[in-house]
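One structure is given below, encoded as structure tokens.
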There are 2 protein chains.
Amino acid sequence: MKVFKIPEATVMRLSIYSRHLKHLQDESIETVSSEEIASGVGVSSAQVRKDLAYFGEFGTRGVGYKVQDLLGHLKKILGLDKKWNVIMIGAGKLGSALALYEGFRERGFLIRTILDDDKKKVGSKLKDVLIEPLELLDTRIKQYNIDVGIITVPAVAAQDVTDRLVAAGVKAILNFSPRVLKVPGGIVLRNVDLSVNLEVLSFNLSFNK
Amino acid sequence: MKVFKIPEATVMRLSIYSRHLKHLQDESIETVSSEEIASGVGVSSAQVRKDLAYFGEFGTRGVGYKVQDLLGHLKKILGLDKKWNVIMIGAGKLGSALALYEGFRERGFLIRTILDDDKKKVGSKLKDVLIEPLELLDTRIKQYNIDVGIITVPAVAAQDVTDRLVAAGVKAILNFSPRVLKVPGGIVLRNVDLSVNLEVLSFNLSFNK
DNA sequence: CTCTGTGAATATATTCACAGCA
DNA sequence: TGCTGTGAATATATTCACAGAG
């Protein structure tokens with residue numbers, strides 16, 4: 001049912017535009033031009049207009065965009081009006097930090113349970129979410145109707161956990177492990193790979209300098 | 001002195017290839033073809049060869065690449081043979097988790113000090129690094145000959161901290177705050193923006209599904 | 001007269017396909 | 001013969017530039 005393929009870079013910019021519009025809203029600014037958005041987030045005004053044009057016509061010629069309205073459209077486009085049931089696998093340092101991050105809930109990602117294979121962690125809570133044994137993976141995914149799995153396990157375990165999440169029926173995986181995961185088509189996969197980011201930074205610092 | 005502009009996507013893939021080559025090395029595999037690397041990390045073999053071609057000829061026609069050699073070249077290309085002095089600004093939940101992450105040291109990023117404006121945090125240590133007052137920003141950057149600043153402060157403070165880091169002479173900034181930062185040309189800036197990642201995931205889950 | 005929306009032009013990235021070296 | 005390295009072809013993304021709505 002996909003009508004047009006939207007470039008990933010466009011989606012990332014839409015997220016950044018929406019953040020900028022929130023600032024403008026906080027400052028009680030009611031109207032904004034594509035040029036003002038553009039200079040606020042460091043892109044060209046044509047880029048802003050092209051990105052928005054994938055989804056409709058939100059502005060008024062000669063005037064600009066109503067901040068409130070455009071922000072509403074962007075939130076809708078980005079799916080931020082929806083709720084998702086989330087399972088987190090791995091309660092190590094990174095998982096523990098992420099479980100406390102309010103940004104998940106703010107965007108509709110509700111962490112229902114956290115699984116770990118370390119018996120010493122099982123039974124304790126992170127904020128209000130209980131850490132449970134890894135064996136409950138299938139049970140909890142069915143029980144809570146889980147949509148999204150967040151992977152914060154070590155690299156060696158990541159593909160195995162992924163396969164189990166997919167088999168149990170999750171629709172999307174957010175992968176924080178430094179590993180390229182194989183998933184079947186139709187499963188949404190997003191990687192947040194700190195080691196790649198560090199190496200790109202290292203490259204940019206080193207190359208031809 | 002920049003000879004060719006290398007696409008960022010290429011650099012990210014080089015990092016991923018190098019990780020895959022490490023696995024192969026751990027399995028004592030000595031030779032690998034572009035097709036084997038490609039299928040291992042989910043890209044096309046032509047892509048692998050094109051990416052490598054930016055930097056030289058590392059393979060042998062009819063044979064493939066020597067794993068050890070190619071890994072060595074990639075580490076060199078990515079600058080992983082170099083050391084950088086790093087300052088971290090912000091010792092909150094994210095900063096604390098990051099300060100314990102071994103990946104920085106493994107890639108030559110040596111965290112020399114962590115600054116925070118919270119008096120209650122100042123004086124304690126994260127692993128072996130002391131948390132010091134924010135006022136020492138200039139002093140420590142000069143003293144330790146800091147190359148890289150890692151920003152883990154709240155969004156409202158991020159641009160101010162950035163300006164101070166740049167004024168004090170850092171060459172690169174790794175930004176974990178959810179804010180588009182303005183930096184002068186010549187300063188390397190890399191953003192690790194979890195909120196954008198979450199919103200892209202939300203979009204992919206929602207759009208035309 | 002201003003600023004959006006958008007075709008056309010340009011720039012960039014990926015894939016194809018094969019010449020040529022080991 | 002097998003696989004790399006690479007021009008040519010294609011696909012994708014960005015910028016230009018302007019018609020036209022308000």
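All residue names refer to the structure tokens as shown: chains lettered A, B, ... in order, residues numbered from 1 in each chain, ligands numbered from 1 in order.
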Next on the checklist: What are the residues of chain D lining chain B at 10 Å or less? Count only C-alpha atoms (C1' of nucleotides), and put the answer as a ChimeraX atom specification.
Outcome noted: /D:1-6
Item to check | Check: which chain C residues lie within 9 Å of chain A using only C-alpha atoms (C1' of nucleotides), as number ranges by chain | outcome: C: 1-6
Same residues, N, CA, C and O atoms (P, O5', C5', C4', C3', O3' and C1' of nucleotides), saved as a compact mmCIF listing (two decimals), in the first residue's frame:
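Output contents, as saved in result.txt:
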# COMPACT_ATOMS: atom_id res chain seq x y z
P DC C 1 6.57 46.10 -6.49
O5' DC C 1 6.88 45.38 -5.10
C5' DC C 1 5.86 45.48 -4.07
C4' DC C 1 5.67 44.14 -3.41
C3' DC C 1 6.91 43.25 -3.47
O3' DC C 1 7.29 42.95 -2.13
C1' DC C 1 4.96 42.02 -3.98
P DT C 2 8.64 42.13 -1.82
O5' DT C 2 8.06 40.86 -1.04
C5' DT C 2 7.02 40.99 -0.08
C4' DT C 2 6.56 39.59 0.28
C3' DT C 2 7.72 38.61 0.45
O3' DT C 2 7.46 37.85 1.60
C1' DT C 2 6.19 37.79 -1.19
P DC C 3 8.59 36.98 2.32
O5' DC C 3 8.07 35.50 2.06
C5' DC C 3 6.76 35.13 2.46
C4' DC C 3 6.41 33.89 1.69
C3' DC C 3 7.52 32.83 1.72
O3' DC C 3 6.88 31.58 1.91
C1' DC C 3 6.91 33.26 -0.48
P DT C 4 7.65 30.19 2.13
O5' DT C 4 6.65 29.19 1.39
C5' DT C 4 5.28 29.22 1.71
C4' DT C 4 4.47 28.71 0.53
C3' DT C 4 4.72 27.24 0.21
O3' DT C 4 3.46 26.61 0.05
C1' DT C 4 5.13 28.58 -1.71
P DG C 5 3.34 25.00 0.10
O5' DG C 5 3.53 24.64 -1.44
C5' DG C 5 2.52 24.99 -2.36
C4' DG C 5 2.97 24.61 -3.77
C3' DG C 5 3.45 23.17 -3.92
O3' DG C 5 2.86 22.69 -5.13
C1' DG C 5 5.11 24.65 -4.71
P DT C 6 3.08 21.22 -5.64
O5' DT C 6 4.16 21.44 -6.79
C5' DT C 6 3.83 22.09 -7.98
C4' DT C 6 5.08 22.17 -8.83
C3' DT C 6 5.78 20.82 -9.02
O3' DT C 6 6.13 20.70 -10.38
C1' DT C 6 7.32 22.42 -8.36
Item to check | DSSP-assigned strand (DSSP E) members of chain B, reported as JSON, numbers by chain | outcome: {"B": [31, 32, 65, 66, 84, 85, 86, 87, 88, 89, 109, 110, 111, 112, 113, 114, 115, 116, 125, 126, 129, 130, 131, 132, 133, 148, 149, 150, 151, 172, 173, 174, 175, 188, 189, 190, 191]}
Store the residues of this selection in a file with N, CA, C and O atoms, as a short mmCIF file (atom, residue, chain, number, x, y, z; two decimals), in the first residue's frame.
data_model
loop_
_atom_site.label_atom_id
_atom_site.label_comp_id
_atom_site.auth_asym_id
_atom_site.auth_seq_id
_atom_site.Cartn_x
_atom_site.Cartn_y
_atom_site.Cartn_z
N THR B 31 41.58 -15.11 3.48
CA THR B 31 41.25 -14.43 2.23
C THR B 31 39.75 -14.29 2.10
O THR B 31 39.00 -15.17 2.53
N VAL B 32 39.32 -13.18 1.49
CA VAL B 32 37.88 -12.94 1.35
C VAL B 32 37.62 -12.19 0.04
O VAL B 32 38.45 -11.38 -0.40
N TYR B 65 40.76 -10.41 -1.29
CA TYR B 65 41.53 -9.57 -0.38
C TYR B 65 42.12 -10.41 0.75
O TYR B 65 41.46 -11.32 1.24
N LYS B 66 43.34 -10.09 1.16
CA LYS B 66 43.89 -10.70 2.37
C LYS B 66 43.24 -10.00 3.56
O LYS B 66 43.35 -8.79 3.72
N TRP B 84 43.39 10.66 20.35
CA TRP B 84 42.80 11.99 20.49
C TRP B 84 42.52 12.26 21.95
O TRP B 84 42.03 11.38 22.67
N ASN B 85 42.78 13.50 22.36
CA ASN B 85 42.44 13.91 23.73
C ASN B 85 41.02 14.45 23.75
O ASN B 85 40.67 15.32 22.95
N VAL B 86 40.24 13.94 24.67
CA VAL B 86 38.80 14.21 24.67
C VAL B 86 38.37 14.83 25.99
O VAL B 86 38.84 14.44 27.07
N ILE B 87 37.45 15.80 25.89
CA ILE B 87 36.79 16.35 27.08
C ILE B 87 35.31 16.04 26.97
O ILE B 87 34.75 16.13 25.87
N MET B 88 34.71 15.62 28.06
CA MET B 88 33.27 15.38 28.03
C MET B 88 32.59 16.44 28.86
O MET B 88 33.02 16.74 29.98
N ILE B 89 31.53 17.06 28.29
CA ILE B 89 30.78 18.07 29.02
C ILE B 89 29.41 17.52 29.33
O ILE B 89 28.63 17.24 28.42
N PHE B 109 40.06 7.43 21.44
CA PHE B 109 39.49 8.62 22.06
C PHE B 109 39.70 8.53 23.57
O PHE B 109 39.03 7.75 24.26
N LEU B 110 40.64 9.32 24.09
CA LEU B 110 41.01 9.24 25.50
C LEU B 110 40.34 10.36 26.28
O LEU B 110 40.68 11.54 26.11
N ILE B 111 39.39 9.99 27.14
CA ILE B 111 38.65 10.99 27.91
C ILE B 111 39.53 11.47 29.05
O ILE B 111 39.84 10.72 29.97
N ARG B 112 39.95 12.73 28.98
CA ARG B 112 40.89 13.29 29.96
C ARG B 112 40.18 13.86 31.17
O ARG B 112 40.70 13.83 32.28
N THR B 113 39.00 14.45 30.95
CA THR B 113 38.25 14.99 32.07
C THR B 113 36.78 15.12 31.68
O THR B 113 36.44 15.13 30.50
N ILE B 114 35.94 15.16 32.71
CA ILE B 114 34.50 15.33 32.52
C ILE B 114 34.09 16.55 33.32
O ILE B 114 34.43 16.66 34.50
N LEU B 115 33.39 17.48 32.67
CA LEU B 115 32.98 18.69 33.38
C LEU B 115 31.46 18.69 33.57
O LEU B 115 30.72 18.22 32.72
N ASP B 116 31.05 19.23 34.71
CA ASP B 116 29.61 19.35 34.98
C ASP B 116 29.40 20.56 35.88
O ASP B 116 30.27 20.92 36.66
N LYS B 125 34.30 10.27 40.63
CA LYS B 125 34.96 9.75 39.44
C LYS B 125 34.05 8.84 38.64
O LYS B 125 33.18 8.16 39.20
N LEU B 126 34.22 8.81 37.33
CA LEU B 126 33.58 7.82 36.47
C LEU B 126 34.70 6.96 35.90
O LEU B 126 35.53 7.45 35.13
N VAL B 129 38.16 8.67 35.64
CA VAL B 129 38.16 10.07 35.23
C VAL B 129 37.40 10.94 36.23
O VAL B 129 36.25 10.66 36.56
N LEU B 130 38.06 12.01 36.67
CA LEU B 130 37.49 12.91 37.66
C LEU B 130 36.46 13.84 37.03
O LEU B 130 36.66 14.33 35.93
N ILE B 131 35.36 14.07 37.75
CA ILE B 131 34.39 15.09 37.32
C ILE B 131 34.79 16.42 37.94
O ILE B 131 34.96 16.52 39.16
N GLU B 132 34.92 17.44 37.09
CA GLU B 132 35.40 18.75 37.55
C GLU B 132 34.39 19.84 37.20
O GLU B 132 33.48 19.62 36.40
N PRO B 133 34.56 21.02 37.79
CA PRO B 133 33.59 22.10 37.53
C PRO B 133 33.69 22.64 36.10
O PRO B 133 34.78 22.70 35.52
N VAL B 148 38.87 16.84 20.96
CA VAL B 148 37.45 16.49 20.76
C VAL B 148 36.64 16.81 22.00
O VAL B 148 37.05 16.48 23.11
N GLY B 149 35.49 17.44 21.79
CA GLY B 149 34.54 17.65 22.88
C GLY B 149 33.31 16.80 22.69
O GLY B 149 32.76 16.76 21.58
N ILE B 150 32.91 16.09 23.75
CA ILE B 150 31.68 15.29 23.69
C ILE B 150 30.63 16.03 24.50
O ILE B 150 30.84 16.33 25.68
N ILE B 151 29.50 16.32 23.87
CA ILE B 151 28.45 17.12 24.51
C ILE B 151 27.29 16.23 24.93
O ILE B 151 26.65 15.60 24.10
N ALA B 172 36.95 19.02 16.96
CA ALA B 172 35.77 18.21 16.63
C ALA B 172 34.82 18.15 17.81
O ALA B 172 35.24 18.25 18.97
N ILE B 173 33.53 17.99 17.49
CA ILE B 173 32.51 17.88 18.52
C ILE B 173 31.62 16.67 18.21
O ILE B 173 31.18 16.49 17.08
N LEU B 174 31.42 15.87 19.25
CA LEU B 174 30.50 14.74 19.14
C LEU B 174 29.29 15.11 19.99
O LEU B 174 29.38 15.19 21.21
N ASN B 175 28.18 15.36 19.31
CA ASN B 175 27.02 15.92 19.98
C ASN B 175 25.93 14.88 20.25
O ASN B 175 25.36 14.34 19.32
N VAL B 188 34.91 19.68 12.86
CA VAL B 188 34.21 18.43 12.57
C VAL B 188 33.08 18.27 13.58
O VAL B 188 33.30 18.33 14.77
N LEU B 189 31.87 18.09 13.06
CA LEU B 189 30.72 17.92 13.95
C LEU B 189 30.01 16.63 13.60
O LEU B 189 29.74 16.34 12.44
N ARG B 190 29.74 15.83 14.61
CA ARG B 190 28.99 14.60 14.39
C ARG B 190 27.88 14.51 15.43
O ARG B 190 28.11 14.68 16.62
N ASN B 191 26.67 14.24 14.95
CA ASN B 191 25.51 14.19 15.83
C ASN B 191 25.03 12.77 16.02
O ASN B 191 24.90 12.01 15.06
#
Next on the checklist: When you look at Glu199 in chain B with a cut-off of 12 Å (counting only C-alpha atoms (C1' of nucleotides)), what residues show up, excluding the ones that are within fewer than 3 positions of it in the same chain? I need them as a ChimeraX atom specification.
Outcome noted: /A:8,10-19,74-82,103-109,174,190 /B:193-196,202-207
Item to check | DSSP-assigned helix (DSSP H, G or I) among range 26-186 of chain A, expressed as a ChimeraX atom specification | outcome: /A:26,34-41,45-53,67-77,93-99,103-106,134-143,155-168
Item to check | Residue among A:Lys142, A:Ser44, A:Ser124, A:Thr152 lying closest to DT15 in chain D, counting only C-alpha atoms (C1' of nucleotides) | outcome: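 Comparing A:Lys142, A:Ser44, A:Ser124, A:Thr152 against DT15 in chain D, the winner is A:Ser44.
Reported to one decimal place, the separation of CA of Val153 in chain B from CA of Gly92 in chain B is 7.5 Å.
CA of Leu181 in chain A sits 7.5 Å away from CA of Ala158 in chain A.
The interatomic distance for the pair C1' of DA21 in chain D and CA of Ser45 in chain A works out to 18.7 Å.
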